[in-house]
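File shown: protein-v6.txt (compact mmCIF, C-alpha atoms).
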```
# COMPACT_ATOMS: atom_id res chain seq x y z
CA ALA A 63 -4.71 -91.19 32.41
CA ASN A 64 -2.50 -88.47 30.96
CA MET A 65 -3.08 -84.70 31.29
CA LYS A 66 -4.89 -84.51 27.94
CA ASP A 67 -7.39 -87.15 29.04
CA ARG A 68 -7.96 -85.36 32.34
CA LYS A 69 -8.67 -82.07 30.58
CA ASN A 70 -11.22 -83.81 28.36
CA ILE A 71 -13.22 -85.19 31.29
CA HIS A 72 -16.83 -84.10 30.88
CA ILE A 73 -18.74 -82.82 33.89
CA GLN A 74 -22.52 -82.80 34.06
CA THR A 75 -24.01 -79.40 34.95
CA ASN A 76 -27.52 -77.98 34.88
CA SER A 77 -26.75 -76.38 31.51
CA GLY A 78 -25.23 -79.54 30.00
CA ASN A 79 -21.86 -81.29 29.75
CA ILE A 80 -18.69 -79.21 29.86
CA LYS A 81 -15.01 -80.15 29.70
CA LEU A 82 -12.96 -79.93 32.87
CA GLU A 83 -10.45 -77.63 31.16
CA ALA A 84 -13.26 -75.11 30.54
CA LEU A 85 -13.42 -74.43 34.29
CA GLY A 86 -9.90 -72.99 34.46
CA LYS A 87 -6.21 -73.58 33.94
CA ILE A 88 -5.11 -77.12 34.85
CA VAL A 89 -1.44 -77.60 35.76
CA GLN A 90 0.38 -80.80 36.66
CA ASN A 91 3.33 -80.57 39.04
CA LYS A 92 5.70 -83.25 40.30
CA SER A 93 5.54 -83.78 44.04
CA THR A 94 5.33 -86.49 46.67
CA GLY A 95 2.11 -88.44 46.23
CA LYS A 96 -0.45 -88.19 49.00
CA ILE A 97 -3.82 -89.73 49.71
CA TYR A 98 -6.16 -87.32 51.47
CA HIS A 99 -9.03 -88.31 53.72
CA LEU A 100 -12.02 -86.41 55.04
CA ASN A 101 -14.18 -88.02 57.72
CA GLY A 102 -12.45 -91.34 57.04
CA ARG A 103 -13.11 -91.27 53.29
CA ARG A 104 -10.78 -90.51 50.39
CA CYS A 105 -11.06 -87.00 48.97
CA ALA A 106 -9.37 -84.53 46.64
CA PHE A 107 -8.38 -80.95 47.48
CA PHE A 108 -8.07 -78.09 45.03
CA THR A 109 -7.35 -74.36 45.27
CA VAL A 110 -9.34 -71.72 43.42
CA LYS A 111 -8.07 -68.27 42.43
CA THR A 112 -10.81 -65.72 41.79
CA ALA A 113 -11.03 -62.06 40.82
CA GLU A 114 -13.64 -61.32 43.47
CA LYS A 115 -12.94 -58.43 45.86
CA THR A 116 -14.19 -60.12 49.04
CA MET A 117 -13.79 -63.60 50.50
CA GLN A 118 -17.53 -63.83 51.20
CA GLN A 119 -18.34 -63.17 47.55
CA SER A 120 -15.70 -65.67 46.40
CA MET A 121 -17.06 -68.38 48.69
CA GLU A 122 -20.63 -67.80 47.50
CA ASN A 123 -19.63 -67.97 43.82
CA ILE A 124 -17.55 -71.12 44.31
CA LYS A 125 -20.35 -72.78 46.26
CA HIS A 126 -22.87 -71.83 43.58
CA ALA A 127 -20.62 -73.28 40.86
CA LEU A 128 -20.05 -76.54 42.74
CA GLU A 129 -23.75 -76.93 43.47
CA SER A 130 -24.46 -76.85 39.73
CA PHE A 131 -22.59 -80.15 39.19
CA SER A 132 -24.23 -83.56 39.31
CA TYR A 133 -22.23 -85.83 41.62
CA PRO A 134 -22.27 -89.65 41.64
CA GLN A 135 -23.94 -91.24 44.63
CA GLY A 136 -21.81 -90.88 47.73
CA TYR A 137 -19.83 -87.89 46.41
CA SER A 138 -20.17 -84.26 47.53
CA PHE A 139 -18.11 -81.13 48.12
CA HIS A 140 -16.98 -79.26 51.24
CA ILE A 141 -15.58 -75.75 51.57
CA SER A 142 -12.57 -75.65 53.90
CA ARG A 143 -13.45 -75.02 57.53
CA GLU A 144 -10.50 -72.61 57.79
CA LEU A 145 -12.05 -70.36 55.14
CA LYS A 146 -15.34 -70.23 57.01
CA GLU A 147 -13.53 -69.45 60.27
CA LEU A 148 -11.49 -66.71 58.59
CA ASN A 149 -14.64 -65.15 57.16
CA GLU A 150 -16.27 -65.23 60.60
CA ALA A 151 -13.15 -63.62 62.08
CA ASN A 152 -13.39 -60.80 59.52
CA ASN A 153 -17.00 -60.16 60.51
CA LYS A 154 -16.02 -60.09 64.18
CA LEU A 155 -13.26 -57.58 63.44
CA VAL A 156 -15.74 -55.26 61.75
CA LEU A 157 -17.99 -55.47 64.81
CA LEU A 158 -14.97 -54.82 67.02
CA VAL A 159 -14.12 -51.65 65.10
CA THR A 160 -17.70 -50.42 65.52
CA ALA A 161 -17.69 -51.27 69.23
CA THR A 162 -14.33 -49.52 69.72
CA ILE A 163 -15.56 -46.29 68.13
CA LEU A 164 -18.76 -46.46 70.23
CA MET A 165 -16.77 -46.87 73.46
CA ILE A 166 -14.52 -43.95 72.50
CA PHE A 167 -17.63 -41.84 71.85
CA ILE A 168 -19.11 -42.68 75.27
CA PHE A 169 -15.81 -42.00 77.06
CA LEU A 170 -15.16 -38.66 75.30
CA THR A 171 -18.73 -37.51 75.85
CA ALA A 172 -18.37 -38.26 79.57
CA CYS A 173 -15.12 -36.27 79.67
CA THR A 174 -16.11 -33.26 77.57
CA GLU A 175 -19.84 -33.24 78.42
CA GLN A 176 -20.37 -31.91 74.89
CA ILE A 177 -21.68 -34.24 72.20
CA LYS A 178 -20.82 -31.74 69.43
CA LYS A 179 -17.20 -31.57 70.56
CA THR A 180 -17.03 -35.36 70.81
CA LEU A 181 -18.34 -35.78 67.27
CA THR A 182 -15.81 -33.22 66.04
CA ILE A 183 -12.98 -35.18 67.65
CA LEU A 184 -14.30 -38.50 66.29
CA SER A 185 -14.51 -37.08 62.77
CA ILE A 186 -10.73 -37.37 62.52
CA ILE A 187 -10.99 -41.20 62.45
CA PRO A 188 -12.67 -41.51 59.02
CA ALA A 189 -10.64 -38.53 57.76
CA SER A 190 -7.37 -40.26 58.65
CA MET A 191 -8.43 -43.42 56.77
CA ILE A 192 -8.83 -41.71 53.38
CA LEU A 193 -5.21 -42.22 52.24
CA PRO A 194 -4.73 -45.91 53.23
CA LEU A 195 -8.17 -46.94 51.94
CA THR A 196 -7.60 -45.12 48.64
CA LEU A 197 -4.22 -46.82 48.20
CA ARG A 198 -5.73 -50.21 49.05
CA VAL A 199 -8.48 -49.75 46.44
CA ILE A 200 -5.86 -48.76 43.83
CA ILE A 201 -3.59 -51.72 44.64
CA ASN A 202 -6.13 -54.57 44.81
CA GLY A 203 -9.30 -53.39 46.51
CA THR A 204 -9.25 -56.08 49.21
CA LEU A 205 -9.19 -55.08 52.88
CA HIS A 206 -7.24 -57.75 54.80
CA PRO A 207 -7.96 -58.72 58.44
CA ALA A 208 -4.64 -57.24 59.58
CA GLU A 209 -5.63 -53.91 58.05
CA ILE A 210 -8.90 -53.91 59.97
CA MET A 211 -6.75 -54.34 63.08
CA GLY A 212 -4.71 -51.40 61.80
CA ILE A 213 -7.87 -49.27 61.76
CA ILE A 214 -8.37 -49.95 65.48
CA ILE A 215 -4.74 -49.15 66.34
CA SER A 216 -4.61 -46.03 64.16
CA ALA A 217 -7.87 -44.74 65.59
CA GLY A 218 -6.16 -44.33 68.96
CA THR A 219 -3.34 -42.22 67.51
CA SER A 220 -5.77 -40.07 65.52
CA ILE A 221 -7.96 -39.48 68.56
CA ASN A 222 -4.92 -38.46 70.64
CA ASN A 223 -3.98 -35.84 68.05
CA ALA A 224 -7.55 -34.50 68.00
CA ILE A 225 -7.66 -34.29 71.82
CA TYR A 226 -4.36 -32.35 71.90
CA LEU A 227 -5.72 -29.84 69.40
CA SER A 228 -9.20 -29.51 70.94
CA ASP A 229 -7.71 -28.50 74.29
CA ASN A 230 -7.48 -24.85 73.23
CA PRO A 231 -10.17 -22.51 74.58
CA ALA A 232 -8.84 -19.51 72.61
CA ARG A 233 -9.68 -21.20 69.31
CA ASN A 234 -6.63 -19.54 67.73
CA ILE A 235 -5.57 -21.67 64.75
CA ARG A 236 -1.99 -20.43 64.54
CA GLN A 237 -1.41 -20.75 68.27
CA THR A 238 -3.00 -24.22 68.29
CA MET A 239 -0.62 -25.46 65.60
CA LYS A 240 2.36 -23.81 67.28
CA ASN A 241 1.55 -25.41 70.64
CA HIS A 242 1.11 -28.96 69.33
CA ILE A 243 3.09 -29.30 66.10
CA LYS A 244 6.13 -30.72 67.90
CA SER A 245 4.25 -33.33 69.95
CA ILE A 246 2.05 -34.47 67.05
CA SER A 247 4.98 -34.60 64.62
CA ALA A 248 7.17 -36.48 67.09
CA THR A 249 4.60 -39.16 67.94
CA SER A 250 3.60 -39.56 64.27
CA LEU A 251 7.17 -39.78 62.95
CA THR A 252 8.22 -42.34 65.59
CA THR A 253 5.21 -44.48 64.63
CA ILE A 254 6.08 -44.16 60.92
CA LEU A 255 9.72 -45.08 61.51
CA GLY A 256 8.66 -48.01 63.69
CA THR A 257 6.42 -49.51 61.00
CA LEU A 258 8.76 -48.98 58.04
CA PRO A 259 10.93 -52.08 58.77
CA LEU A 260 7.83 -54.32 58.74
CA LEU A 261 6.56 -52.79 55.50
CA LEU A 262 9.93 -53.02 53.74
CA SER A 263 10.87 -56.45 55.10
CA GLY A 264 9.28 -58.24 52.16
CA ILE A 265 7.44 -60.61 54.52
CA ASN A 266 3.89 -60.97 53.24
CA GLY A 267 0.97 -61.56 55.53
CA LEU A 268 -0.18 -59.99 58.78
CA PRO A 269 2.97 -57.94 59.63
CA LYS A 270 3.13 -56.24 56.23
CA ASP A 271 -0.64 -55.62 55.99
CA LEU A 272 -0.72 -54.20 59.52
CA ALA A 273 2.29 -51.98 58.87
CA PHE A 274 0.78 -50.75 55.58
CA PHE A 275 -2.38 -49.46 57.20
CA ILE A 276 -0.72 -48.01 60.32
CA LEU A 277 1.94 -46.22 58.24
CA PHE A 278 -0.37 -44.49 55.78
CA SER A 279 -3.14 -43.76 58.28
CA THR A 280 -0.55 -42.12 60.57
CA ILE A 281 0.71 -39.97 57.69
CA ASN A 282 -2.89 -39.08 56.81
CA SER A 283 -3.72 -38.33 60.45
CA MET A 284 -0.68 -36.07 60.86
CA ILE A 285 -1.61 -34.05 57.76
CA ILE A 286 -5.27 -33.76 58.82
CA SER A 287 -4.32 -32.85 62.40
CA LEU A 288 -1.93 -30.06 61.43
CA ALA A 289 -3.55 -28.67 58.29
CA VAL A 290 -7.32 -29.26 58.55
CA PHE A 291 -8.45 -30.03 62.10
CA PRO A 292 -7.42 -26.66 63.64
CA ILE A 293 -9.62 -24.89 61.06
CA ILE A 294 -12.57 -27.17 61.92
CA LEU A 295 -12.09 -26.48 65.63
CA SER A 296 -12.05 -22.72 65.05
CA LYS A 297 -15.50 -22.91 63.47
CA THR A 298 -17.15 -25.02 66.18
```

Render the structure in this file as structure tokens.
Amino acid sequence: ANMKDRKNIHIQTNSGNIKLEALGKIVQNKSTGKIYHLNGRRCAFFTVKTAEKTMQQSMENIKHALESFSYPQGYSFHISRELKELNEANNKLVLLVTATILMIFIFLTACTEQIKKTLTILSIIPASMILPLTLRVIINGTLHPAEIMGIIISAGTSINNAIYLSDNPARNIRQTMKNHIKSISATSLTTILGTLPLLLSGINGLPKDLAFFILFSTINSMIISLAVFPIILSKT
């Protein structure tokens, strides 16, 4: 069958028959022919591009669409195991971020013996994520697994800056900034310079996503630490 015939294939759905071409753009490319098997039986693979913001939502919509078709006896559909594993990994990363912040809270509370001071220090974590999360929403709105890892890594740097600044019994804003501006700027700038090659390398995937989040969260953290956090400390 030629491409025109394939596009005109009618598929039975709950709402009636529809043409295959109505489901999306169908493109034919020349490549080495392959016969795929799943569990010892012949099968066909296809890739779907969606406008959904999350993988979980995309998987649910694709599954719902495929379930609406009437398949001949012996035929069915399967969503790739890798996609399910990746979605589970994303959920585990979110739990890991939560667990990390909880452990930091317990440790800082044990060190400072002041819950209010601990919460003040921890407040720099969400504050330092404003810039990278805003940029991610503007660019495509999807938070990649590598960027969730970046949250964990960046949280450590942000907490270090907050601890440096909170170690100031006099609560003098100007003196606080004067005492720590060099150390905070030095550690932040070295981190920024270290991640720039990964971000500008043009290599897509984990390295670039990780570098993106670490770079902009470090910039955000440096600004918050030097311009906002000393004022918050002076009022607590």

Interatomic distance (Å, one decimal) between CA of Lys154 (chain A) and CA of Ile215 (chain A):
15.9 Å

May I ask for the distance between CA of Val290 (chain A) and CA of Leu193 (chain A), given in Å to one decimal place?
14.6 Å

Which of these, A:Ser190, A:Leu260, A:Val159, A:Ile166, has the shortest distance to Ile214 (chain A) once you count all atoms listed in the file?
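The answer is A:Val159, which sits nearest to Ile214 (chain A).
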
Considering all atoms listed in the file, can you say which of A:Leu181, A:Leu258, A:Leu145, A:Ile243 comes closest to Ile294 (chain A)?
A:Leu181

Would you work out the distance separating CA of Ser279 (chain A) from CA of Met191 (chain A), expressed in Å to one decimal?
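Between CA of Ser279 (chain A) and CA of Met191 (chain A) the gap is 5.5 Å.
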
Point out the residue among A:Leu195, A:Thr180, A:His140, A:Leu82 with the least atom-to-atom distance to Asn282 (chain A), counting only C-alpha atoms.
A:Leu195

Which residues are near Ile213 (chain A)? Cut-off 9 Å, only C-alpha atoms, ignore same chain within fewer than 3 positions. Put them as number ranges by chain.
A: 159, 187, 191, 208-210, 216-218, 272, 275-276, 279

Would you list the contacts of Thr280 (chain A) as a PyMOL selection string, taking every protein, DNA or RNA residue within 12 Å and counting only C-alpha atoms, but skipping same-chain residues closer than 2 positions in sequence?
chain A and resi 186-187+189-194+212-213+215-223+246-258+273-278+282-287

Give me a file of those residues, with C-alpha atoms, as a PDB file, keeping the file's coordinate frame.
```
ATOM      1  CA  ILE A 186     -10.730 -37.370  62.520  1.00  0.00           C
ATOM      2  CA  ILE A 187     -10.990 -41.200  62.450  1.00  0.00           C
ATOM      3  CA  ALA A 189     -10.640 -38.530  57.760  1.00  0.00           C
ATOM      4  CA  SER A 190      -7.370 -40.260  58.650  1.00  0.00           C
ATOM      5  CA  MET A 191      -8.430 -43.420  56.770  1.00  0.00           C
ATOM      6  CA  ILE A 192      -8.830 -41.710  53.380  1.00  0.00           C
ATOM      7  CA  LEU A 193      -5.210 -42.220  52.240  1.00  0.00           C
ATOM      8  CA  PRO A 194      -4.730 -45.910  53.230  1.00  0.00           C
ATOM      9  CA  GLY A 212      -4.710 -51.400  61.800  1.00  0.00           C
ATOM     10  CA  ILE A 213      -7.870 -49.270  61.760  1.00  0.00           C
ATOM     11  CA  ILE A 215      -4.740 -49.150  66.340  1.00  0.00           C
ATOM     12  CA  SER A 216      -4.610 -46.030  64.160  1.00  0.00           C
ATOM     13  CA  ALA A 217      -7.870 -44.740  65.590  1.00  0.00           C
ATOM     14  CA  GLY A 218      -6.160 -44.330  68.960  1.00  0.00           C
ATOM     15  CA  THR A 219      -3.340 -42.220  67.510  1.00  0.00           C
ATOM     16  CA  SER A 220      -5.770 -40.070  65.520  1.00  0.00           C
ATOM     17  CA  ILE A 221      -7.960 -39.480  68.560  1.00  0.00           C
ATOM     18  CA  ASN A 222      -4.920 -38.460  70.640  1.00  0.00           C
ATOM     19  CA  ASN A 223      -3.980 -35.840  68.050  1.00  0.00           C
ATOM     20  CA  ILE A 246       2.050 -34.470  67.050  1.00  0.00           C
ATOM     21  CA  SER A 247       4.980 -34.600  64.620  1.00  0.00           C
ATOM     22  CA  ALA A 248       7.170 -36.480  67.090  1.00  0.00           C
ATOM     23  CA  THR A 249       4.600 -39.160  67.940  1.00  0.00           C
ATOM     24  CA  SER A 250       3.600 -39.560  64.270  1.00  0.00           C
ATOM     25  CA  LEU A 251       7.170 -39.780  62.950  1.00  0.00           C
ATOM     26  CA  THR A 252       8.220 -42.340  65.590  1.00  0.00           C
ATOM     27  CA  THR A 253       5.210 -44.480  64.630  1.00  0.00           C
ATOM     28  CA  ILE A 254       6.080 -44.160  60.920  1.00  0.00           C
ATOM     29  CA  LEU A 255       9.720 -45.080  61.510  1.00  0.00           C
ATOM     30  CA  GLY A 256       8.660 -48.010  63.690  1.00  0.00           C
ATOM     31  CA  THR A 257       6.420 -49.510  61.000  1.00  0.00           C
ATOM     32  CA  LEU A 258       8.760 -48.980  58.040  1.00  0.00           C
ATOM     33  CA  ALA A 273       2.290 -51.980  58.870  1.00  0.00           C
ATOM     34  CA  PHE A 274       0.780 -50.750  55.580  1.00  0.00           C
ATOM     35  CA  PHE A 275      -2.380 -49.460  57.200  1.00  0.00           C
ATOM     36  CA  ILE A 276      -0.720 -48.010  60.320  1.00  0.00           C
ATOM     37  CA  LEU A 277       1.940 -46.220  58.240  1.00  0.00           C
ATOM     38  CA  PHE A 278      -0.370 -44.490  55.780  1.00  0.00           C
ATOM     39  CA  ASN A 282      -2.890 -39.080  56.810  1.00  0.00           C
ATOM     40  CA  SER A 283      -3.720 -38.330  60.450  1.00  0.00           C
ATOM     41  CA  MET A 284      -0.680 -36.070  60.860  1.00  0.00           C
ATOM     42  CA  ILE A 285      -1.610 -34.050  57.760  1.00  0.00           C
ATOM     43  CA  ILE A 286      -5.270 -33.760  58.820  1.00  0.00           C
ATOM     44  CA  SER A 287      -4.320 -32.850  62.400  1.00  0.00           C
TER      45      SER A 287
END
```

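Of the residues under consideration (A:Pro292, A:Ile225, A:Leu158, A:Phe131), A:Ile225 shows the shortest atom-to-atom contact distance to Cys173 (chain A) when counting all atoms listed in the file.
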
Reconstructed region 120-131 of chain A, atom set all heavy atoms, as a compact mmCIF listing (two decimals), keeping the file's coordinate frame:
```txt
# COMPACT_ATOMS: atom_id res chain seq x y z
N SER A 120 -16.40 -64.55 47.04
CA SER A 120 -15.70 -65.67 46.40
C SER A 120 -16.29 -66.99 46.84
O SER A 120 -16.54 -67.89 46.03
CB SER A 120 -14.21 -65.62 46.74
OG SER A 120 -13.60 -64.46 46.24
N MET A 121 -16.51 -67.14 48.15
CA MET A 121 -17.06 -68.38 48.69
C MET A 121 -18.45 -68.66 48.14
O MET A 121 -18.79 -69.80 47.80
CB MET A 121 -17.10 -68.31 50.22
CG MET A 121 -15.74 -68.38 50.88
SD MET A 121 -15.82 -68.17 52.68
CE MET A 121 -16.84 -69.57 53.14
N GLU A 122 -19.27 -67.62 48.02
CA GLU A 122 -20.63 -67.80 47.50
C GLU A 122 -20.60 -68.23 46.04
O GLU A 122 -21.37 -69.11 45.62
CB GLU A 122 -21.42 -66.50 47.66
CG GLU A 122 -21.78 -66.18 49.11
CD GLU A 122 -22.49 -64.85 49.25
OE1 GLU A 122 -22.64 -64.15 48.22
OE2 GLU A 122 -22.89 -64.51 50.38
N ASN A 123 -19.71 -67.62 45.24
CA ASN A 123 -19.63 -67.97 43.82
C ASN A 123 -19.10 -69.38 43.62
O ASN A 123 -19.58 -70.12 42.75
CB ASN A 123 -18.75 -66.97 43.09
CG ASN A 123 -19.41 -65.60 42.94
OD1 ASN A 123 -20.61 -65.47 43.11
ND2 ASN A 123 -18.62 -64.59 42.65
N ILE A 124 -18.10 -69.76 44.41
CA ILE A 124 -17.55 -71.12 44.31
C ILE A 124 -18.60 -72.15 44.72
O ILE A 124 -18.77 -73.17 44.05
CB ILE A 124 -16.29 -71.25 45.19
CG1 ILE A 124 -15.15 -70.38 44.62
CG2 ILE A 124 -15.84 -72.71 45.28
CD1 ILE A 124 -13.96 -70.27 45.54
N LYS A 125 -19.30 -71.86 45.80
CA LYS A 125 -20.35 -72.78 46.26
C LYS A 125 -21.45 -72.92 45.22
O LYS A 125 -21.94 -74.02 44.94
CB LYS A 125 -20.93 -72.28 47.58
CG LYS A 125 -21.95 -73.22 48.20
CD LYS A 125 -22.44 -72.68 49.54
CE LYS A 125 -23.46 -73.64 50.15
NZ LYS A 125 -23.97 -73.13 51.46
N HIS A 126 -21.84 -71.80 44.61
CA HIS A 126 -22.87 -71.83 43.58
C HIS A 126 -22.43 -72.66 42.38
O HIS A 126 -23.22 -73.44 41.82
CB HIS A 126 -23.19 -70.40 43.14
CG HIS A 126 -24.22 -70.32 42.04
ND1 HIS A 126 -25.56 -70.59 42.24
CD2 HIS A 126 -24.08 -70.04 40.71
CE1 HIS A 126 -26.21 -70.47 41.10
NE2 HIS A 126 -25.35 -70.14 40.16
N ALA A 127 -21.14 -72.51 42.00
CA ALA A 127 -20.62 -73.28 40.86
C ALA A 127 -20.58 -74.77 41.16
O ALA A 127 -20.96 -75.61 40.33
CB ALA A 127 -19.23 -72.78 40.49
N LEU A 128 -20.14 -75.13 42.37
CA LEU A 128 -20.05 -76.54 42.74
C LEU A 128 -21.42 -77.18 42.89
O LEU A 128 -21.60 -78.37 42.62
CB LEU A 128 -19.26 -76.69 44.05
CG LEU A 128 -17.76 -76.33 43.97
CD1 LEU A 128 -17.14 -76.37 45.36
CD2 LEU A 128 -17.03 -77.27 43.03
N GLU A 129 -22.39 -76.39 43.31
CA GLU A 129 -23.75 -76.93 43.47
C GLU A 129 -24.41 -77.22 42.12
O GLU A 129 -25.40 -77.95 42.06
CB GLU A 129 -24.61 -75.95 44.27
CG GLU A 129 -24.28 -75.92 45.76
CD GLU A 129 -25.08 -74.86 46.50
OE1 GLU A 129 -25.62 -73.95 45.83
OE2 GLU A 129 -25.14 -74.93 47.74
N SER A 130 -23.87 -76.64 41.05
CA SER A 130 -24.46 -76.85 39.73
C SER A 130 -24.05 -78.19 39.12
O SER A 130 -24.60 -78.61 38.11
CB SER A 130 -24.06 -75.71 38.79
OG SER A 130 -22.67 -75.74 38.52
N PHE A 131 -23.06 -78.88 39.72
CA PHE A 131 -22.59 -80.15 39.19
C PHE A 131 -23.47 -81.30 39.70
O PHE A 131 -24.02 -81.24 40.80
CB PHE A 131 -21.14 -80.42 39.60
CG PHE A 131 -20.17 -79.40 39.09
CD1 PHE A 131 -19.01 -79.12 39.80
CD2 PHE A 131 -20.40 -78.71 37.91
CE1 PHE A 131 -18.10 -78.19 39.34
CE2 PHE A 131 -19.50 -77.78 37.44
CZ PHE A 131 -18.34 -77.51 38.15
```
